[in-house]
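Trainee: For reference, this is data_19.txt, and it has compact mmCIF, C-alpha atoms and all ligand atoms.
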# COMPACT_ATOMS: atom_id res chain seq x y z
CA MET A 245 22.35 14.82 -16.61
CA ILE A 246 19.19 16.43 -15.26
CA PRO A 247 19.57 17.11 -11.51
CA TRP A 248 16.96 16.02 -8.97
CA GLU A 249 14.92 18.94 -7.61
CA PHE A 250 14.12 18.87 -3.87
CA LEU A 251 10.37 19.29 -3.23
CA GLY A 252 9.96 18.59 0.47
CA GLU A 253 10.64 16.40 3.45
CA ALA A 254 8.54 14.84 6.19
CA GLN A 255 9.08 13.02 9.45
CA VAL A 256 7.52 9.55 9.69
CA PRO A 257 6.08 9.33 13.25
CA GLY A 258 8.33 6.85 15.07
CA GLY A 259 10.50 6.41 11.98
CA SER A 260 12.79 8.10 9.51
CA ILE A 261 12.62 11.24 7.33
CA LEU A 262 11.04 11.03 3.86
CA ARG A 263 12.47 13.25 1.09
CA LEU A 264 10.48 13.98 -2.06
CA THR A 265 12.44 14.90 -5.21
CA ARG A 266 11.60 15.30 -8.89
CA ARG A 267 13.49 14.99 -12.18
CA LYS A 268 11.26 16.11 -15.07
CA ASP A 269 8.20 13.84 -14.83
CA GLU A 270 9.85 11.30 -12.50
CA PHE A 271 9.23 11.50 -8.73
CA SER A 272 11.19 9.77 -6.01
CA ILE A 273 10.69 9.39 -2.25
CA ARG A 274 13.83 8.40 -0.40
CA THR A 275 14.50 7.49 3.19
CA GLU A 276 17.80 6.91 4.94
CA GLY A 277 19.78 6.80 1.71
CA TYR A 278 17.60 4.44 -0.29
CA GLU A 279 14.58 4.81 -2.54
CA LEU A 280 11.26 3.87 -0.92
CA MET A 281 9.14 4.78 -3.96
CA ASN A 282 9.72 5.82 -7.56
CA SER A 283 6.95 6.91 -9.89
CA ARG A 284 8.32 4.66 -12.64
CA ALA A 285 8.09 1.38 -10.70
CA HIS A 286 4.59 0.47 -9.60
CA GLY A 287 3.58 -2.74 -11.35
CA SER A 288 3.47 -4.98 -8.30
CA GLU A 289 1.57 -2.41 -6.17
CA GLU A 290 -1.11 -2.34 -8.86
CA VAL A 291 -1.36 -6.14 -9.09
CA LEU A 292 -1.96 -6.22 -5.34
CA ALA A 293 -5.08 -4.05 -5.61
CA ARG A 294 -6.42 -5.39 -8.89
CA GLU A 295 -6.29 -9.05 -7.98
CA ALA A 296 -7.52 -8.57 -4.44
CA ILE A 297 -10.56 -6.55 -5.48
CA GLN A 298 -11.43 -8.63 -8.52
CA GLY A 299 -11.58 -11.64 -6.19
CA LEU A 300 -14.27 -10.06 -4.00
CA SER A 301 -17.95 -10.87 -4.20
CA ARG A 302 -19.69 -8.46 -6.62
CA ARG A 303 -23.04 -8.68 -4.88
CA LYS A 304 -22.64 -6.06 -2.23
CA THR A 305 -20.95 -2.75 -1.52
CA SER A 306 -17.30 -3.44 -0.82
CA ARG A 307 -15.47 -1.76 2.02
CA ILE A 308 -11.78 -1.66 1.22
CA LEU A 309 -8.89 -0.42 3.36
CA ILE A 310 -5.54 0.47 1.78
CA GLY A 311 -2.51 1.35 3.91
CA GLY A 312 -0.59 3.55 2.97
CA LEU A 313 -1.10 6.06 0.19
CA GLY A 314 2.51 6.47 -1.05
CA MET A 315 2.33 7.70 -4.63
CA GLY A 316 -1.23 6.41 -5.00
CA PHE A 317 -0.68 3.62 -7.54
CA THR A 318 -2.36 0.95 -5.41
CA LEU A 319 -5.29 3.28 -4.79
CA LYS A 320 -5.64 4.10 -8.49
CA ALA A 321 -5.57 0.39 -9.42
CA ALA A 322 -8.23 -0.28 -6.78
CA LEU A 323 -10.46 2.47 -8.17
CA ASP A 324 -10.09 1.08 -11.69
CA VAL A 325 -11.63 -2.26 -10.72
CA ALA A 326 -13.86 -1.42 -7.73
CA GLN A 327 -17.63 -1.12 -8.04
CA GLU A 328 -19.29 2.28 -8.46
CA ASN A 329 -20.61 2.06 -4.90
CA ALA A 330 -17.40 0.78 -3.27
CA ALA A 331 -16.07 2.63 -0.24
CA ILE A 332 -12.28 2.82 -0.15
CA THR A 333 -10.41 4.19 2.83
CA VAL A 334 -6.74 4.97 2.37
CA ALA A 335 -4.80 5.20 5.63
CA GLU A 336 -1.62 7.29 5.49
CA LEU A 337 0.57 7.90 8.51
CA VAL A 338 2.42 10.95 7.16
CA PRO A 339 0.19 13.99 6.49
CA GLU A 340 2.71 15.45 4.02
CA VAL A 341 2.36 12.36 1.79
CA VAL A 342 -1.32 13.26 1.35
CA THR A 343 -0.40 16.89 0.52
CA TRP A 344 2.34 15.78 -1.90
CA ASN A 345 -0.23 13.71 -3.77
CA GLN A 346 -2.55 16.72 -4.01
CA ASP A 347 0.18 19.22 -4.91
CA HIS A 348 2.85 17.37 -6.89
CA TYR A 349 2.15 13.96 -8.40
CA GLY A 350 -1.62 13.29 -8.22
CA HIS A 351 -1.81 13.73 -12.01
CA LEU A 352 0.21 10.51 -12.45
CA THR A 353 -2.75 8.52 -11.12
CA ASP A 354 -5.71 10.71 -12.21
CA HIS A 355 -5.96 12.42 -8.80
CA PRO A 356 -7.39 9.42 -6.92
CA LEU A 357 -8.06 11.44 -3.76
CA LYS A 358 -10.76 13.35 -5.66
CA ASP A 359 -12.76 10.20 -6.38
CA PRO A 360 -16.00 10.26 -4.31
CA ARG A 361 -15.47 6.60 -3.33
CA VAL A 362 -12.27 7.51 -1.45
CA SER A 363 -11.86 8.73 2.11
CA VAL A 364 -8.51 9.48 3.67
CA PHE A 365 -7.61 8.47 7.20
CA VAL A 366 -4.48 10.30 8.34
CA GLY A 367 -2.97 8.01 10.95
CA ASP A 368 -1.77 4.48 11.56
CA VAL A 369 -3.50 1.85 9.44
CA SER A 370 -3.66 -0.41 12.51
CA THR A 371 -6.15 2.05 14.03
CA ALA A 372 -8.30 1.99 10.90
CA ILE A 373 -8.15 -1.82 10.84
CA LYS A 374 -9.44 -2.07 14.40
CA LYS A 375 -11.83 0.87 14.64
CA GLN A 376 -13.37 1.30 11.21
CA GLY A 377 -14.18 -2.28 10.16
CA PRO A 378 -15.70 -4.56 9.05
CA TRP A 379 -13.69 -4.73 5.81
CA ASP A 380 -14.01 -6.82 2.65
CA ALA A 381 -10.34 -6.26 1.86
CA ILE A 382 -7.37 -4.91 3.78
CA LEU A 383 -4.35 -4.18 1.58
CA LEU A 384 -1.04 -3.41 3.27
CA ASP A 385 1.84 -1.66 1.56
CA VAL A 386 3.21 0.40 4.40
CA ASP A 387 6.79 -0.76 4.49
CA ASN A 388 9.36 -2.92 2.74
CA GLY A 389 7.49 -5.96 3.95
CA PRO A 390 7.14 -8.19 7.00
CA ASN A 391 10.88 -8.35 7.64
CA GLY A 392 12.24 -5.17 6.04
CA LEU A 393 10.95 -2.42 8.23
CA THR A 394 11.61 1.31 7.94
CA ARG A 395 9.46 1.94 11.01
CA ASN A 396 9.64 -0.30 14.08
CA GLY A 397 5.99 0.24 14.98
CA ASN A 398 4.94 -1.49 11.75
CA SER A 399 6.24 -4.89 12.86
CA ARG A 400 3.07 -5.51 14.85
CA LEU A 401 0.96 -5.32 11.69
CA TYR A 402 2.73 -8.44 10.40
CA SER A 403 2.88 -10.25 13.76
CA LYS A 404 0.51 -13.08 14.68
CA ARG A 405 -1.42 -10.66 16.85
CA GLY A 406 -1.69 -8.12 14.01
CA LEU A 407 -2.82 -10.77 11.54
CA LEU A 408 -5.48 -12.12 13.89
CA ALA A 409 -6.72 -8.56 14.55
CA ALA A 410 -7.08 -8.04 10.78
CA LYS A 411 -8.79 -11.41 10.32
CA GLN A 412 -11.28 -10.58 13.03
CA VAL A 413 -12.52 -7.47 11.22
CA LEU A 414 -12.63 -9.04 7.75
CA ARG A 415 -16.04 -10.10 6.52
CA PRO A 416 -16.40 -13.82 5.69
CA GLY A 417 -14.52 -14.46 2.41
CA GLY A 418 -12.67 -11.16 2.91
CA LEU A 419 -9.12 -10.74 1.74
CA PHE A 420 -5.93 -9.59 3.44
CA GLY A 421 -3.32 -8.55 0.85
CA VAL A 422 0.31 -7.73 1.61
CA TRP A 423 3.10 -6.26 -0.53
CA SER A 424 6.77 -7.00 0.20
CA ALA A 425 10.09 -6.25 -1.46
CA ASP A 426 11.30 -9.74 -0.52
CA ALA A 427 9.97 -13.25 -0.13
CA ASP A 428 9.45 -14.39 3.45
CA GLN A 429 8.63 -18.03 4.15
CA ILE A 430 8.16 -17.40 7.85
CA PHE A 431 5.44 -14.87 7.09
CA THR A 432 3.70 -17.28 4.70
CA LYS A 433 3.69 -19.88 7.47
CA ARG A 434 2.39 -17.33 9.98
CA LEU A 435 -0.54 -16.38 7.72
CA LYS A 436 -1.47 -20.07 7.41
CA GLU A 437 -1.17 -20.57 11.17
CA CYS A 438 -3.65 -17.73 11.60
CA GLY A 439 -6.14 -19.72 9.53
CA PHE A 440 -5.92 -17.80 6.24
CA ASN A 441 -6.14 -19.54 2.89
CA VAL A 442 -2.90 -18.20 1.37
CA GLU A 443 -1.76 -17.55 -2.19
CA GLU A 444 1.79 -16.20 -2.63
CA ARG A 445 2.78 -14.45 -5.85
CA HIS A 446 6.07 -13.10 -7.21
CA VAL A 447 5.59 -10.08 -9.45
CA LYS A 448 7.96 -7.76 -11.34
CA ALA A 449 8.15 -4.13 -10.18
CA ARG A 450 7.87 -2.84 -13.74
CA LEU A 451 5.59 -5.67 -14.93
CA LYS A 452 8.10 -7.02 -17.45
CA ASN A 453 11.43 -6.30 -15.75
CA GLY A 454 13.03 -4.83 -12.64
CA SER A 455 13.09 -6.34 -9.16
CA THR A 456 10.72 -9.12 -8.21
CA HIS A 457 8.35 -8.39 -5.34
CA THR A 458 6.23 -10.74 -3.26
CA LEU A 459 2.48 -10.46 -2.75
CA TRP A 460 0.32 -12.47 -0.39
CA PHE A 461 -3.41 -12.86 -0.94
CA ALA A 462 -4.78 -14.32 2.28
CA LYS A 463 -8.46 -15.21 2.30
CA LYS A 464 -10.53 -15.48 5.46
C1 LIG B 501 5.85 2.03 0.00
S1 LIG B 501 4.73 3.32 0.29
C2 LIG B 501 3.22 2.79 -0.46
C3 LIG B 501 3.26 2.85 -1.95
C4 LIG B 501 1.88 2.73 -2.54
N1 LIG B 501 1.43 1.36 -2.55
C5 LIG B 501 1.82 3.28 -3.96
O1 LIG B 501 1.15 2.68 -4.79
O2 LIG B 501 2.42 4.31 -4.22
C6 LIG B 501 4.37 3.17 1.98
C7 LIG B 501 3.47 4.27 2.51
O3 LIG B 501 2.91 3.85 3.77
C8 LIG B 501 2.98 4.90 4.69
N2 LIG B 501 2.98 4.26 6.04
C9 LIG B 501 4.02 3.70 6.70
N3 LIG B 501 3.61 3.13 7.84
C10 LIG B 501 2.26 3.34 7.92
C11 LIG B 501 1.26 2.98 8.85
N4 LIG B 501 1.54 2.27 9.95
N5 LIG B 501 -0.02 3.35 8.61
C12 LIG B 501 -0.34 4.07 7.48
N6 LIG B 501 0.58 4.44 6.55
C13 LIG B 501 1.85 4.06 6.76
C14 LIG B 501 4.24 5.63 4.31
O4 LIG B 501 4.25 6.97 4.80
C15 LIG B 501 4.20 5.58 2.79
O5 LIG B 501 3.47 6.64 2.25
Could you render the structure from this file as structure tokens?
Mentor:
Amino acid sequence: MIPWEFLGEAQVPGGSILRLTRRKDEFSIRTEGYELMNSRAHGSEEVLAREAIQGLSRRKTSRILIGGLGMGFTLKAALDVAQENAAITVAELVPEVVTWNQDHYGHLTDHPLKDPRVSVFVGDVSTAIKKQGPWDAILLDVDNGPNGLTRNGNSRLYSKRGLLAAKQVLRPGGLFGVWSADADQIFTKRLKECGFNVEERHVKARLKNGSTHTLWFAKK
């Protein structure tokens, strides 16, 4: 069996340690004994971006916020469907994750950070939500989901207060999209209570097989 090669590790501010490893052309980021990301499972992350952006009005320049970068599959899917003049900000809390993309696995997604439509915000996506709006779409894949947190500070993003803060900086008709490893009926209810028009989808990690993930498309 081919052994995993250690490529680096990084501290998540206020959270755990991320470890990047590689086995031939497969990359893995693990935290606290489980796999947070694997370069072979990205179907649901891509559906999140594609469907959110295809649902936006095509008449104007779209301002899109993606949190976080991870292995860049959501960003790549967004670039594939976004307009030529779209402006996409990707917010990533861990600086090393940005460097890993540039140095190790950017080729898997056509080096999305080199696309002129992309700007990187190194920091907490909640800051970008509040300070850099208005947004046409805010796409969140920063954790395991609303109730499976690897970083305590992320819980506020999914709280009523966090949802209302996002809604406030969305343009009319704008979309708030959320990825989660698990379904969460309480979160669906919370989105509706915040006045979003909510569509919940269950999507396979590897498109045709693998675990089933949950996506929320919440329209303002
Ligand atoms: C599951 S990964 C995202 C995977 C990504 N969708 C992809 O296609 O590869 C989560 C990423 O969010 C970052 N992150 C976690 N909390 C964050 C926050 N509050 N703001 C910005 N980035 C955050 C993590 O460092 C990690 O890179």
Trainee: Hey, which bits of chain A sit within 6 Å of ligand LIG 501 (chain B), and for each residue what's the closest pair of atoms and how far apart in Å (one decimal), counting all atoms listed in the file, rows by chain and increasing number, as JSON lines?
Mentor:
{"residue": "A:Leu280", "atom": "CA", "partner": "B:LIG501", "partner_atom": "C1", "distance": 5.8}
{"residue": "A:Met281", "atom": "CA", "partner": "B:LIG501", "partner_atom": "C1", "distance": 5.8}
{"residue": "A:Glu289", "atom": "CA", "partner": "B:LIG501", "partner_atom": "N1", "distance": 5.2}
{"residue": "A:Gly311", "atom": "CA", "partner": "B:LIG501", "partner_atom": "C12", "distance": 5.0}
{"residue": "A:Gly312", "atom": "CA", "partner": "B:LIG501", "partner_atom": "O3", "distance": 3.6}
{"residue": "A:Leu313", "atom": "CA", "partner": "B:LIG501", "partner_atom": "O5", "distance": 5.0}
{"residue": "A:Gly314", "atom": "CA", "partner": "B:LIG501", "partner_atom": "O5", "distance": 3.4}
{"residue": "A:Met315", "atom": "CA", "partner": "B:LIG501", "partner_atom": "O2", "distance": 3.4}
{"residue": "A:Gly316", "atom": "CA", "partner": "B:LIG501", "partner_atom": "O2", "distance": 4.3}
{"residue": "A:Phe317", "atom": "CA", "partner": "B:LIG501", "partner_atom": "O1", "distance": 3.4}
{"residue": "A:Thr318", "atom": "CA", "partner": "B:LIG501", "partner_atom": "O1", "distance": 4.0}
{"residue": "A:Ala335", "atom": "CA", "partner": "B:LIG501", "partner_atom": "C12", "distance": 5.0}
{"residue": "A:Glu336", "atom": "CA", "partner": "B:LIG501", "partner_atom": "N6", "distance": 3.8}
{"residue": "A:Leu337", "atom": "CA", "partner": "B:LIG501", "partner_atom": "N6", "distance": 4.0}
{"residue": "A:Val338", "atom": "CA", "partner": "B:LIG501", "partner_atom": "O4", "distance": 5.0}
{"residue": "A:Val341", "atom": "CA", "partner": "B:LIG501", "partner_atom": "O5", "distance": 5.8}
{"residue": "A:Gly367", "atom": "CA", "partner": "B:LIG501", "partner_atom": "C12", "distance": 5.9}
{"residue": "A:Asp368", "atom": "CA", "partner": "B:LIG501", "partner_atom": "N5", "distance": 3.6}
{"residue": "A:Val369", "atom": "CA", "partner": "B:LIG501", "partner_atom": "N5", "distance": 3.9}
{"residue": "A:Asp385", "atom": "CA", "partner": "B:LIG501", "partner_atom": "C2", "distance": 5.1}
{"residue": "A:Val386", "atom": "CA", "partner": "B:LIG501", "partner_atom": "O3", "distance": 3.5}
{"residue": "A:Asp387", "atom": "CA", "partner": "B:LIG501", "partner_atom": "C6", "distance": 5.3}
{"residue": "A:Asn398", "atom": "CA", "partner": "B:LIG501", "partner_atom": "N4", "distance": 5.4}
Trainee: Selected residues, C-alpha atoms, written as a short mmCIF file (atom, residue, chain, number, x, y, z; two decimals), keeping the file's coordinate frame, please.
Mentor:
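Saved file again_15.cif follows:
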data_model
loop_
_atom_site.label_atom_id
_atom_site.label_comp_id
_atom_site.auth_asym_id
_atom_site.auth_seq_id
_atom_site.Cartn_x
_atom_site.Cartn_y
_atom_site.Cartn_z
CA LEU A 280 11.26 3.87 -0.92
CA MET A 281 9.14 4.78 -3.96
CA GLU A 289 1.57 -2.41 -6.17
CA GLY A 311 -2.51 1.35 3.91
CA GLY A 312 -0.59 3.55 2.97
CA LEU A 313 -1.10 6.06 0.19
CA GLY A 314 2.51 6.47 -1.05
CA MET A 315 2.33 7.70 -4.63
CA GLY A 316 -1.23 6.41 -5.00
CA PHE A 317 -0.68 3.62 -7.54
CA THR A 318 -2.36 0.95 -5.41
CA ALA A 335 -4.80 5.20 5.63
CA GLU A 336 -1.62 7.29 5.49
CA LEU A 337 0.57 7.90 8.51
CA VAL A 338 2.42 10.95 7.16
CA VAL A 341 2.36 12.36 1.79
CA GLY A 367 -2.97 8.01 10.95
CA ASP A 368 -1.77 4.48 11.56
CA VAL A 369 -3.50 1.85 9.44
CA ASP A 385 1.84 -1.66 1.56
CA VAL A 386 3.21 0.40 4.40
CA ASP A 387 6.79 -0.76 4.49
CA ASN A 398 4.94 -1.49 11.75
#
Trainee: For each of A:Thr333, A:Gln298, A:Asn388, A:Thr353, take the minimum atom-to-atom distance to A:Phe365, counting all atoms listed in the file, then give the residue where this is smallest.
Mentor: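 The answer is A:Thr333, which sits nearest to A:Phe365.
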Trainee: Grab the atom CA of A:Thr265 to atom CA of A:Leu352 distance for me, in Å with one decimal place.
Mentor: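 So the two atoms, atom CA of A:Thr265 and atom CA of A:Leu352, lie 14.9 Å apart.
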Trainee: Would you list the contacts of A:Asp428 as a list in words, taking every protein, DNA or RNA residue within 12 Å and counting all atoms listed in the file, but skipping same-chain residues closer than 3 positions in sequence?
Mentor: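 My list of contacting residues is Asn388, Gly389, Pro390, Asn391, Gly392, Tyr402, Val422, Trp423, Ser424, Ala425, Phe431, Thr432, Lys433, Arg434, Leu435, Glu444, Arg445, His446, His457, Thr458, Leu459 and Trp460 of chain A.
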Trainee: Just to be explicit: take each residue in the selection above, keep C-alpha atoms, and write the result as a tab-separated table (two decimals), in the frame of the given file.
Mentor:
chain	number	residue	atom	x	y	z
A	388	ASN	CA	9.36	-2.92	2.74
A	389	GLY	CA	7.49	-5.96	3.95
A	390	PRO	CA	7.14	-8.19	7.00
A	391	ASN	CA	10.88	-8.35	7.64
A	392	GLY	CA	12.24	-5.17	6.04
A	402	TYR	CA	2.73	-8.44	10.40
A	422	VAL	CA	0.31	-7.73	1.61
A	423	TRP	CA	3.10	-6.26	-0.53
A	424	SER	CA	6.77	-7.00	0.20
A	425	ALA	CA	10.09	-6.25	-1.46
A	431	PHE	CA	5.44	-14.87	7.09
A	432	THR	CA	3.70	-17.28	4.70
A	433	LYS	CA	3.69	-19.88	7.47
A	434	ARG	CA	2.39	-17.33	9.98
A	435	LEU	CA	-0.54	-16.38	7.72
A	444	GLU	CA	1.79	-16.20	-2.63
A	445	ARG	CA	2.78	-14.45	-5.85
A	446	HIS	CA	6.07	-13.10	-7.21
A	457	HIS	CA	8.35	-8.39	-5.34
A	458	THR	CA	6.23	-10.74	-3.26
A	459	LEU	CA	2.48	-10.46	-2.75
A	460	TRP	CA	0.32	-12.47	-0.39
Trainee: Do you know which residues are at most 12 Å from A:Ser306 counting all atoms listed in the file, after dropping those on the same chain fewer than 5 positions away, and could you put them as a list in words?
Mentor: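 Here the answer would be Ala296, Ile297, Gln298, Gly299, Leu300, Ser301, Ala322, Leu323, Val325, Ala326, Gln327, Glu328, Asn329, Ala330, Ala331, Ile332, Thr333, Arg361, Gly377, Pro378, Trp379, Asp380, Ala381, Ile382, Leu414, Arg415, Gly417, Gly418 and Leu419 of chain A.
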Trainee: For A:Phe250, list every protein, DNA or RNA residue within 9 Å, evaluated using only C-alpha atoms, and leave out those in the same chain fewer than 6 positions away; present the list as an NGL selection string.
Mentor: :A and (263-266)
Trainee: Give as JSON, numbers by chain every residue, naming chains and numbers as the document does, that has an atom within 12 Å of (-3.0, -17.4, 15.3), counting all atoms listed in the file.
Mentor: {"A": [402, 403, 404, 405, 406, 407, 408, 409, 410, 411, 412, 433, 434, 435, 436, 437, 438, 439, 440]}
Trainee: Grab the atom CA of A:Phe420 to atom CA of A:Ser272 distance for me, in Å with one decimal place.
Mentor: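 Atom-to-atom, atom CA of A:Phe420 to atom CA of A:Ser272, that is 27.5 Å.
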Trainee: Identify which of the residues A:Gly287, A:Gln376, A:Ile310, A:Lys358 lies closest to A:Gln346, counting only C-alpha atoms when measuring atom-to-atom distances.
Mentor: A:Lys358
Trainee: Would you place a box with edges along x, y and z of the file around all atoms of stretch 393-406 of chain A listed there, add 4 Å to each of its six sides, and report the centre and edge lengths in Å to one decimal, as AutoDock Vina command-line options?
Mentor:
--center_x 5.0 --center_y -5.6 --center_z 12.4 --size_x 21.3 --size_y 23.0 --size_z 16.9
Trainee: Which one of A:His355, A:Leu383, A:Asn396, A:Val366 sits closest to A:Glu290 if you count all atoms listed in the file?
Mentor: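 For A:Glu290, the nearest of the given residues is A:Leu383.
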Trainee: Counting only C-alpha atoms, what is within 12 Å of A:Gly454, bar same-chain residues fewer than 3 positions away, as a VMD selection string?
Mentor: chain A and resid 284 to 288 425 447 to 451 457
Trainee: Between A:Ser370, A:Ser283, A:Gln255, A:Ser399, which has the minimum distance to A:Pro339 (counting only C-alpha atoms)?
Mentor: A:Gln255
Trainee: Just the number, please: distance in Å from atom CA of A:Asn345 to atom CA of A:Leu292, one decimal.
Mentor: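 Taking atom CA of A:Asn345 as the start and atom CA of A:Leu292 as the end point, the length is 20.1 Å.
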Trainee: Pick the closest to A:Ile246 from A:Ala321, A:Arg267, A:Ile373, A:Ala462: which is it, counting all atoms listed in the file?
Mentor: A:Arg267
Trainee: Using only C-alpha atoms, can you tell me which of A:Pro356, A:Leu384, A:Lys374, A:Thr394 comes closest to A:Pro257?
Mentor: A:Thr394
Trainee: What would stretch 399-414 of chain A look like if you wrote it out as a PDB file, in the first residue's frame, with N, CA, C and O atoms included, from the block I just posted?
Mentor:
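Written output follows (part_9.pdb):
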ATOM      1  N   SER A 399     -20.054  28.754  15.246  1.00  0.00           N
ATOM      2  CA  SER A 399     -21.472  28.535  15.553  1.00  0.00           C
ATOM      3  C   SER A 399     -22.274  29.815  15.303  1.00  0.00           C
ATOM      4  O   SER A 399     -23.426  29.755  14.884  1.00  0.00           O
ATOM      5  N   ARG A 400     -21.655  30.963  15.502  1.00  0.00           N
ATOM      6  CA  ARG A 400     -22.431  32.205  15.342  1.00  0.00           C
ATOM      7  C   ARG A 400     -22.839  32.455  13.887  1.00  0.00           C
ATOM      8  O   ARG A 400     -23.835  33.103  13.617  1.00  0.00           O
ATOM      9  N   LEU A 401     -22.076  31.893  12.947  1.00  0.00           N
ATOM     10  CA  LEU A 401     -22.439  32.063  11.538  1.00  0.00           C
ATOM     11  C   LEU A 401     -23.802  31.441  11.231  1.00  0.00           C
ATOM     12  O   LEU A 401     -24.523  31.895  10.355  1.00  0.00           O
ATOM     13  N   TYR A 402     -24.115  30.351  11.957  1.00  0.00           N
ATOM     14  CA  TYR A 402     -25.349  29.599  11.703  1.00  0.00           C
ATOM     15  C   TYR A 402     -26.466  29.973  12.690  1.00  0.00           C
ATOM     16  O   TYR A 402     -27.543  29.409  12.643  1.00  0.00           O
ATOM     17  N   SER A 403     -26.158  30.889  13.617  1.00  0.00           N
ATOM     18  CA  SER A 403     -27.157  31.297  14.612  1.00  0.00           C
ATOM     19  C   SER A 403     -28.137  32.272  13.958  1.00  0.00           C
ATOM     20  O   SER A 403     -27.878  32.793  12.868  1.00  0.00           O
ATOM     21  N   LYS A 404     -29.237  32.547  14.668  1.00  0.00           N
ATOM     22  CA  LYS A 404     -30.222  33.495  14.137  1.00  0.00           C
ATOM     23  C   LYS A 404     -29.557  34.849  13.863  1.00  0.00           C
ATOM     24  O   LYS A 404     -29.779  35.467  12.828  1.00  0.00           O
ATOM     25  N   ARG A 405     -28.713  35.253  14.781  1.00  0.00           N
ATOM     26  CA  ARG A 405     -28.028  36.536  14.623  1.00  0.00           C
ATOM     27  C   ARG A 405     -27.132  36.533  13.378  1.00  0.00           C
ATOM     28  O   ARG A 405     -27.105  37.494  12.612  1.00  0.00           O
ATOM     29  N   GLY A 406     -26.403  35.424  13.183  1.00  0.00           N
ATOM     30  CA  GLY A 406     -25.511  35.315  12.026  1.00  0.00           C
ATOM     31  C   GLY A 406     -26.308  35.312  10.729  1.00  0.00           C
ATOM     32  O   GLY A 406     -25.909  35.947   9.730  1.00  0.00           O
ATOM     33  N   LEU A 407     -27.442  34.615  10.739  1.00  0.00           N
ATOM     34  CA  LEU A 407     -28.253  34.535   9.515  1.00  0.00           C
ATOM     35  C   LEU A 407     -28.849  35.900   9.169  1.00  0.00           C
ATOM     36  O   LEU A 407     -28.878  36.307   8.005  1.00  0.00           O
ATOM     37  N   LEU A 408     -29.292  36.613  10.204  1.00  0.00           N
ATOM     38  CA  LEU A 408     -29.879  37.937   9.939  1.00  0.00           C
ATOM     39  C   LEU A 408     -28.805  38.922   9.462  1.00  0.00           C
ATOM     40  O   LEU A 408     -29.057  39.760   8.597  1.00  0.00           O
ATOM     41  N   ALA A 409     -27.581  38.762   9.988  1.00  0.00           N
ATOM     42  CA  ALA A 409     -26.476  39.630   9.548  1.00  0.00           C
ATOM     43  C   ALA A 409     -26.182  39.371   8.073  1.00  0.00           C
ATOM     44  O   ALA A 409     -25.945  40.295   7.287  1.00  0.00           O
ATOM     45  N   ALA A 410     -26.221  38.095   7.669  1.00  0.00           N
ATOM     46  CA  ALA A 410     -25.973  37.763   6.259  1.00  0.00           C
ATOM     47  C   ALA A 410     -27.115  38.302   5.384  1.00  0.00           C
ATOM     48  O   ALA A 410     -26.872  38.875   4.317  1.00  0.00           O
ATOM     49  N   LYS A 411     -28.336  38.131   5.871  1.00  0.00           N
ATOM     50  CA  LYS A 411     -29.494  38.569   5.077  1.00  0.00           C
ATOM     51  C   LYS A 411     -29.447  40.079   4.838  1.00  0.00           C
ATOM     52  O   LYS A 411     -29.761  40.569   3.749  1.00  0.00           O
ATOM     53  N   GLN A 412     -29.010  40.776   5.863  1.00  0.00           N
ATOM     54  CA  GLN A 412     -28.954  42.240   5.767  1.00  0.00           C
ATOM     55  C   GLN A 412     -28.017  42.719   4.655  1.00  0.00           C
ATOM     56  O   GLN A 412     -28.261  43.745   4.036  1.00  0.00           O
ATOM     57  N   VAL A 413     -26.942  41.982   4.406  1.00  0.00           N
ATOM     58  CA  VAL A 413     -25.970  42.448   3.402  1.00  0.00           C
ATOM     59  C   VAL A 413     -26.145  41.759   2.044  1.00  0.00           C
ATOM     60  O   VAL A 413     -25.325  41.947   1.143  1.00  0.00           O
ATOM     61  N   LEU A 414     -27.210  40.946   1.930  1.00  0.00           N
ATOM     62  CA  LEU A 414     -27.523  40.359   0.616  1.00  0.00           C
ATOM     63  C   LEU A 414     -28.360  41.362  -0.173  1.00  0.00           C
ATOM     64  O   LEU A 414     -29.257  41.996   0.384  1.00  0.00           O
TER      65      LEU A 414
END
